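Colleague: Dropping in input-v5.cif, with mmCIF, C-alpha atoms.
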data_data
loop_
_atom_site.label_atom_id
_atom_site.label_comp_id
_atom_site.auth_asym_id
_atom_site.auth_seq_id
_atom_site.Cartn_x
_atom_site.Cartn_y
_atom_site.Cartn_z
CA MET A 1 -46.83 -23.70 -43.12
CA THR A 2 -43.47 -24.21 -44.80
CA THR A 3 -43.60 -24.37 -48.60
CA SER A 4 -42.10 -27.56 -49.99
CA PRO A 5 -39.20 -27.24 -52.48
CA PRO A 6 -41.33 -28.36 -55.48
CA ALA A 7 -43.99 -25.80 -54.62
CA ARG A 8 -41.38 -23.07 -54.27
CA ALA A 9 -39.93 -24.01 -57.66
CA ALA A 10 -43.37 -23.80 -59.25
CA ALA A 11 -44.07 -20.44 -57.63
CA LEU A 12 -40.81 -19.00 -58.99
CA ASP A 13 -41.26 -20.39 -62.51
CA LEU A 14 -42.26 -17.33 -64.55
CA TRP A 15 -43.45 -19.59 -67.38
CA TYR A 16 -45.59 -21.81 -65.15
CA LEU A 17 -48.92 -20.64 -66.62
CA TYR A 18 -47.77 -19.89 -70.16
CA GLY A 19 -49.38 -22.12 -72.78
CA ARG A 20 -51.33 -24.27 -70.34
CA SER A 21 -54.78 -23.50 -71.71
CA ARG A 22 -53.67 -24.29 -75.24
CA ALA A 23 -52.02 -27.52 -74.11
CA ASP A 24 -55.30 -28.59 -72.50
CA ALA A 25 -57.23 -27.99 -75.74
CA ASP A 26 -54.67 -28.79 -78.45
CA ARG A 27 -52.26 -31.70 -78.21
CA SER A 28 -51.62 -31.99 -81.94
CA VAL A 29 -48.34 -31.63 -83.79
CA PRO A 30 -48.54 -28.34 -85.72
CA ASP A 31 -48.67 -28.74 -89.48
CA SER A 32 -46.84 -25.43 -90.05
CA PHE A 33 -43.86 -23.50 -88.69
CA SER A 34 -43.92 -19.71 -88.45
CA TRP A 35 -41.27 -17.23 -87.37
CA VAL A 36 -43.42 -14.10 -87.06
CA TRP A 37 -44.69 -12.72 -83.76
CA ALA A 38 -48.38 -13.42 -84.47
CA GLN A 39 -47.65 -16.95 -85.72
CA ASP A 40 -50.03 -16.31 -88.60
CA GLY A 41 -47.92 -16.53 -91.74
CA GLY A 42 -44.62 -15.40 -93.18
CA PRO A 43 -41.64 -17.64 -93.92
CA GLY A 44 -41.62 -21.12 -92.47
CA SER A 45 -39.23 -23.98 -91.88
CA GLU A 46 -37.61 -23.45 -95.28
CA VAL A 47 -35.50 -20.79 -93.52
CA LEU A 48 -33.57 -23.67 -91.93
CA GLY A 49 -32.87 -25.37 -95.24
CA ASP A 50 -33.02 -29.13 -95.63
CA VAL A 51 -32.67 -30.56 -92.10
CA THR A 52 -32.99 -34.21 -93.09
CA GLY A 53 -30.61 -36.22 -90.92
CA LEU A 54 -29.35 -33.16 -89.03
CA VAL A 55 -29.18 -32.46 -85.28
CA LEU A 56 -30.97 -29.30 -84.14
CA ALA A 57 -31.51 -27.41 -80.90
CA ASP A 58 -34.57 -25.25 -80.18
CA LEU A 59 -33.45 -22.65 -77.63
CA GLY A 60 -36.22 -21.70 -75.23
CA ALA A 61 -38.53 -24.23 -76.82
CA GLY A 62 -41.47 -23.82 -74.44
CA ALA A 63 -44.02 -26.54 -75.16
CA ALA A 64 -41.85 -27.69 -78.11
CA ARG A 65 -44.49 -27.15 -80.79
CA HIS A 66 -41.96 -25.90 -83.35
CA ALA A 67 -39.62 -28.75 -82.51
CA ALA A 68 -42.46 -31.26 -82.87
CA HIS A 69 -43.32 -29.91 -86.32
CA LEU A 70 -39.73 -30.38 -87.46
CA ALA A 71 -39.44 -33.83 -85.91
CA VAL A 72 -42.59 -35.12 -87.62
CA HIS A 73 -42.52 -33.33 -90.97
CA HIS A 74 -38.82 -32.85 -91.81
CA ALA A 75 -36.95 -36.01 -90.76
CA PRO A 76 -34.07 -34.59 -88.72
CA ALA A 77 -31.85 -37.00 -86.83
CA ARG A 78 -32.90 -35.26 -83.59
CA VAL A 79 -34.31 -32.00 -82.26
CA ASP A 80 -33.38 -31.04 -78.70
CA ALA A 81 -36.13 -28.81 -77.27
CA VAL A 82 -34.25 -26.94 -74.53
CA ASP A 83 -36.01 -24.87 -71.87
CA ALA A 84 -35.06 -23.77 -68.36
CA SER A 85 -38.66 -23.68 -67.10
CA PRO A 86 -39.63 -26.86 -65.23
CA ALA A 87 -43.27 -26.32 -66.21
CA GLN A 88 -42.51 -25.81 -69.89
CA HIS A 89 -40.21 -28.83 -69.95
CA ALA A 90 -42.91 -30.97 -68.32
CA MET A 91 -45.49 -29.70 -70.80
CA ALA A 92 -43.24 -30.47 -73.77
CA PHE A 93 -42.59 -33.98 -72.48
CA ASP A 94 -46.30 -34.57 -71.85
CA LEU A 95 -47.33 -33.33 -75.29
CA TYR A 96 -44.54 -34.80 -77.40
CA GLY A 97 -42.59 -37.31 -75.35
CA HIS A 98 -43.93 -39.99 -77.67
CA LEU A 99 -41.84 -38.49 -80.48
CA ALA A 100 -38.57 -39.62 -78.84
CA PRO A 101 -35.85 -40.23 -79.84
CA ARG A 102 -36.34 -37.83 -82.76
CA LEU A 103 -37.51 -35.14 -80.33
CA ARG A 104 -35.85 -34.81 -76.94
CA ALA A 105 -37.19 -32.44 -74.25
CA VAL A 106 -34.19 -31.04 -72.35
CA HIS A 107 -34.61 -29.22 -69.03
CA ALA A 108 -31.64 -26.84 -68.88
CA ASP A 109 -30.54 -23.24 -69.08
CA VAL A 110 -29.94 -22.73 -72.79
CA THR A 111 -26.47 -21.20 -72.41
CA ASP A 112 -25.34 -23.90 -69.98
CA HIS A 113 -26.62 -26.58 -72.35
CA LEU A 114 -24.83 -25.11 -75.35
CA GLU A 115 -21.58 -24.70 -73.44
CA ALA A 116 -21.74 -28.35 -72.39
CA HIS A 117 -22.18 -29.57 -76.00
CA PRO A 118 -19.45 -28.14 -78.26
CA ASP A 119 -19.67 -29.02 -81.97
CA ALA A 120 -22.90 -30.92 -81.31
CA TYR A 121 -25.43 -29.23 -83.61
CA ASP A 122 -25.92 -28.53 -87.28
CA VAL A 123 -28.64 -25.94 -86.57
CA VAL A 124 -29.66 -23.97 -83.49
CA TYR A 125 -32.78 -21.82 -83.62
CA SER A 126 -35.03 -19.72 -81.43
CA VAL A 127 -38.58 -18.51 -82.06
CA PHE A 128 -39.04 -15.66 -79.56
CA GLY A 129 -37.29 -17.94 -77.09
CA GLY A 130 -33.75 -18.10 -75.75
CA LEU A 131 -32.48 -15.24 -77.87
CA ASP A 132 -35.05 -12.90 -76.30
CA PHE A 133 -34.59 -13.85 -72.65
CA THR A 134 -30.87 -14.62 -72.32
CA ASP A 135 -27.97 -12.20 -72.29
CA PRO A 136 -26.73 -12.38 -75.88
CA ARG A 137 -23.16 -11.71 -74.77
CA ARG A 138 -23.23 -15.17 -73.21
CA LEU A 139 -25.68 -16.96 -75.47
CA LEU A 140 -24.24 -16.16 -78.90
CA PRO A 141 -20.65 -17.29 -78.21
CA ALA A 142 -22.04 -20.47 -76.64
CA ALA A 143 -24.20 -21.05 -79.71
CA ALA A 144 -21.21 -20.61 -82.00
CA ARG A 145 -19.23 -23.19 -80.03
CA ALA A 146 -22.15 -25.64 -79.97
CA LEU A 147 -22.54 -25.49 -83.75
CA ARG A 148 -20.42 -27.54 -86.08
CA PRO A 149 -18.29 -25.48 -88.52
CA GLY A 150 -20.61 -23.87 -91.06
CA GLY A 151 -23.67 -24.60 -88.89
CA LEU A 152 -26.69 -22.30 -88.93
CA LEU A 153 -28.13 -20.06 -86.24
CA ALA A 154 -31.66 -18.83 -87.04
CA ALA A 155 -33.85 -16.82 -84.71
CA SER A 156 -36.84 -14.53 -84.60
CA THR A 157 -37.02 -11.72 -82.09
CA LEU A 158 -38.99 -8.52 -81.60
CA GLY A 159 -38.14 -5.66 -83.95
CA HIS A 160 -39.44 -3.17 -81.38
CA TYR A 161 -41.25 -3.26 -78.05
CA LEU A 162 -44.88 -4.25 -77.91
CA GLY A 163 -46.74 -0.97 -77.97
CA GLY A 164 -44.32 0.55 -80.47
CA ALA A 165 -41.34 1.84 -78.47
CA PRO A 166 -38.12 1.46 -80.47
CA ALA A 167 -35.62 -1.32 -79.91
CA GLU A 168 -32.49 -0.58 -77.91
CA PRO A 169 -29.50 1.01 -79.69
CA ASP A 170 -27.03 -0.89 -77.51
CA VAL A 171 -26.90 -4.10 -75.48
CA ARG A 172 -29.42 -3.29 -72.79
CA HIS A 173 -32.29 -5.39 -71.46
CA ALA A 174 -35.73 -4.29 -70.37
CA ASP A 175 -37.47 -5.52 -67.23
CA VAL A 176 -40.87 -6.65 -68.47
CA PRO A 177 -43.82 -7.41 -66.16
CA ALA A 178 -44.42 -11.03 -65.20
CA ARG A 179 -46.18 -13.04 -62.52
CA THR A 180 -45.17 -16.15 -60.65
CA ALA A 181 -47.49 -19.14 -60.45
CA ASP A 182 -48.98 -17.86 -57.19
CA GLY A 183 -49.77 -14.47 -58.74
CA THR A 184 -46.89 -12.46 -57.28
CA ALA A 185 -45.89 -9.55 -59.52
CA THR A 186 -42.29 -9.57 -60.69
CA THR A 187 -40.24 -8.82 -63.79
CA MET A 188 -38.06 -10.75 -66.22
CA ARG A 189 -35.34 -9.59 -68.56
CA ARG A 190 -35.92 -9.31 -72.30
CA TRP A 191 -33.44 -8.13 -74.94
CA VAL A 192 -35.10 -6.08 -77.73
CA LEU A 193 -32.22 -4.78 -79.84
CA GLN A 194 -31.78 -2.92 -83.12
CA GLU A 195 -30.49 -4.76 -86.18
CA HIS A 196 -27.01 -3.25 -86.06
CA VAL A 197 -26.61 -4.33 -82.42
CA TRP A 198 -27.47 -7.95 -83.27
CA THR A 199 -25.09 -7.83 -86.23
CA LYS A 200 -22.22 -6.61 -84.06
CA LEU A 201 -22.89 -9.23 -81.38
CA LEU A 202 -23.04 -12.04 -83.93
CA ASP A 203 -19.81 -10.91 -85.57
CA GLU A 204 -18.02 -10.72 -82.22
CA ALA A 205 -19.29 -14.22 -81.34
CA GLY A 206 -17.68 -15.74 -84.43
CA PHE A 207 -20.56 -15.82 -86.90
CA THR A 208 -20.37 -14.96 -90.58
CA ALA A 209 -22.83 -14.53 -93.47
CA ILE A 210 -25.04 -12.54 -91.10
CA GLY A 211 -28.43 -11.50 -92.43
CA ILE A 212 -31.38 -9.84 -90.67
CA ASP A 213 -34.79 -9.33 -92.29
CA ARG A 214 -37.54 -7.17 -90.82
CA LEU A 215 -40.97 -8.77 -91.23
CA PRO A 216 -43.95 -6.45 -90.59
CA PRO A 217 -47.13 -7.85 -89.03
CA ALA A 218 -49.96 -8.86 -91.33
CA THR A 219 -52.45 -6.84 -89.26
CA SER A 220 -52.03 -3.93 -86.87
CA GLY A 221 -53.12 -3.85 -83.25
CA PRO A 222 -51.97 -2.81 -79.77
CA ARG A 223 -49.76 -5.91 -79.41
CA SER A 224 -48.68 -6.33 -83.02
CA ALA A 225 -44.96 -6.14 -83.71
CA ASP A 226 -42.33 -6.32 -86.40
CA THR A 227 -40.24 -9.47 -86.34
CA LEU A 228 -36.49 -9.55 -86.89
CA LEU A 229 -35.51 -12.80 -88.60
CA VAL A 230 -31.83 -13.40 -87.88
CA ARG A 231 -29.63 -15.85 -89.77
CA ALA A 232 -25.90 -16.46 -89.41
CA HIS A 233 -23.37 -19.28 -89.80
CA ARG A 234 -20.52 -20.40 -87.59
CA GLN A 235 -17.25 -19.75 -89.32
CA ARG A 236 -15.80 -22.85 -90.99
#
The structure in this file should be written as structure tokens.
Modeller:
Amino acid sequence: MTTSPPARAAALDLWYLYGRSRADADRSVPDSFSWVWAQDGGPGSEVLGDVTGLVLADLGAGAARHAAHLAVHHAPARVDAVDASPAQHAMAFDLYGHLAPRLRAVHADVTDHLEAHPDAYDVVYSVFGGLDFTDPRRLLPAAARALRPGGLLAASTLGHYLGGAPAEPDVRHADVPARTADGTATTMRRWVLQEHVWTKLLDEAGFTAIGIDRLPPATSGPRSADTLLVRAHRQR
């Protein structure tokens, strides 16, 4: 039997299953915002500064829980929750479509979206999202162009591989195990880079006032990890 195009798209969506069980049990808007890997503490939305009346983009937003928190609790003009996964986009719209127009679920490749919207955003951010799974040599210059002069990029990413292997000393991705919706084993690319590599990439992309903090996990375990919290501004 020939697989229909929608079924093929679902089978190839590596994020098709991610977050579905939580979405079934928890449809609430989160009352907190966390940058750390375990989502159990650390700095919160204050990292972004006062976003009242600003336009933000969440890159690789998944189910848009972070975007929903900002939209409800911090009065931005709009948060665009951008994700390339059809399933994640649909989940975000189902959970938080009622928050429009303050929250807008956008189904798009994050780099393509940024390139299509120059000078559109005051803040772009990623919580283990687009910055992890997109080639930074494309993403960061696109983010700089999409920001207004002086705009903020903030992101959290892994400080080392899960399991403890060190981050890469140059711009190199890892192929990490994944499964399609039908259970087929595959891989996807993830960029886990050392601080000096991120700093160099951000500088080359046109960012200034670059700062990277390493946040250790509150508890240790086989899948615990340090978080790198990255902040930089587009040059004015």
Colleague: CA of Leu131 in chain A to CA of Arg236 in chain A: how many Å, to one decimal?
Modeller: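 Rounded to one decimal, the two atoms are 22.5 Å apart.
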Colleague: Mind giving me the straight-line distance from CA of Met188 in chain A to CA of Gly41 in chain A in Å, one decimal?
Modeller: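 If I compute the distance from CA of Met188 in chain A to CA of Gly41 in chain A, I get 28.0 Å.
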Colleague: Applying 6 Å and all atoms listed in the file, which residues near Gly130 in chain A remain after dropping the ones on its own chain fewer than 3 positions away? List them as a PyMOL selection string.
Modeller: chain A and resi 59-60+133-134
Colleague: Provide the CA of Trp191 in chain A to CA of Thr208 in chain A distance in Å, to one decimal place.
Modeller: 21.5 Å
Colleague: Taking only C-alpha atoms into account, name the residue in A:His173, A:Lys200, A:Arg214, A:Arg145 that is nearest to Pro43 in chain A.
Modeller: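 Counting only C-alpha atoms, the residue closest to Pro43 in chain A is A:Arg214.
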Colleague: Identify the residues around (-33.3, -1.9, -77.6) within a radius of 7 Å, measuring from all atoms listed in the file in the coordinates stated by the file, and give them as a ChimeraX atom specification.
Modeller: /A:166-170,172,191-194
Colleague: Got time to write the residues from that selection, C-alpha atoms, as a PDB file, in the frame of the given file?
Modeller:
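The result, written out as selection_28.pdb:
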ATOM      1  CA  PRO A 166     -38.120   1.460 -80.470  1.00  0.00           C
ATOM      2  CA  ALA A 167     -35.620  -1.320 -79.910  1.00  0.00           C
ATOM      3  CA  GLU A 168     -32.490  -0.580 -77.910  1.00  0.00           C
ATOM      4  CA  PRO A 169     -29.500   1.010 -79.690  1.00  0.00           C
ATOM      5  CA  ASP A 170     -27.030  -0.890 -77.510  1.00  0.00           C
ATOM      6  CA  ARG A 172     -29.420  -3.290 -72.790  1.00  0.00           C
ATOM      7  CA  TRP A 191     -33.440  -8.130 -74.940  1.00  0.00           C
ATOM      8  CA  VAL A 192     -35.100  -6.080 -77.730  1.00  0.00           C
ATOM      9  CA  LEU A 193     -32.220  -4.780 -79.840  1.00  0.00           C
ATOM     10  CA  GLN A 194     -31.780  -2.920 -83.120  1.00  0.00           C
TER      11      GLN A 194
END
Colleague: Return as a Markdown table the residues of range 27-63 of chain A lying at most 8 Å from range 149-158 of chain A, together with the closest atom-to-atom pair for each and the distance in Å to one decimal, counting only C-alpha atoms, with rows in chain order and ascending residue number.
Modeller:
| residue | atom | partner | partner_atom | distance |
| --- | --- | --- | --- | --- |
| A:Trp35 | CA | A:Ser156 | CA | 5.9 |
| A:Val36 | CA | A:Ser156 | CA | 7.0 |
| A:Trp37 | CA | A:Leu158 | CA | 7.4 |
| A:Val47 | CA | A:Ala154 | CA | 7.8 |
| A:Leu48 | CA | A:Ala154 | CA | 7.1 |
Colleague: May I ask which of the residues A:Asp58, A:Asp226, A:Asp80, A:Glu115 is the closest one to Gln39 in chain A, counting all atoms listed in the file?
Modeller: A:Asp226
Colleague: Residues picked by the PyMOL selection byres ((chain A and resi 101) around 12) here, as a ChimeraX atom specification?
Modeller: /A:55,68,71-72,75-81,93,96-100,102-106
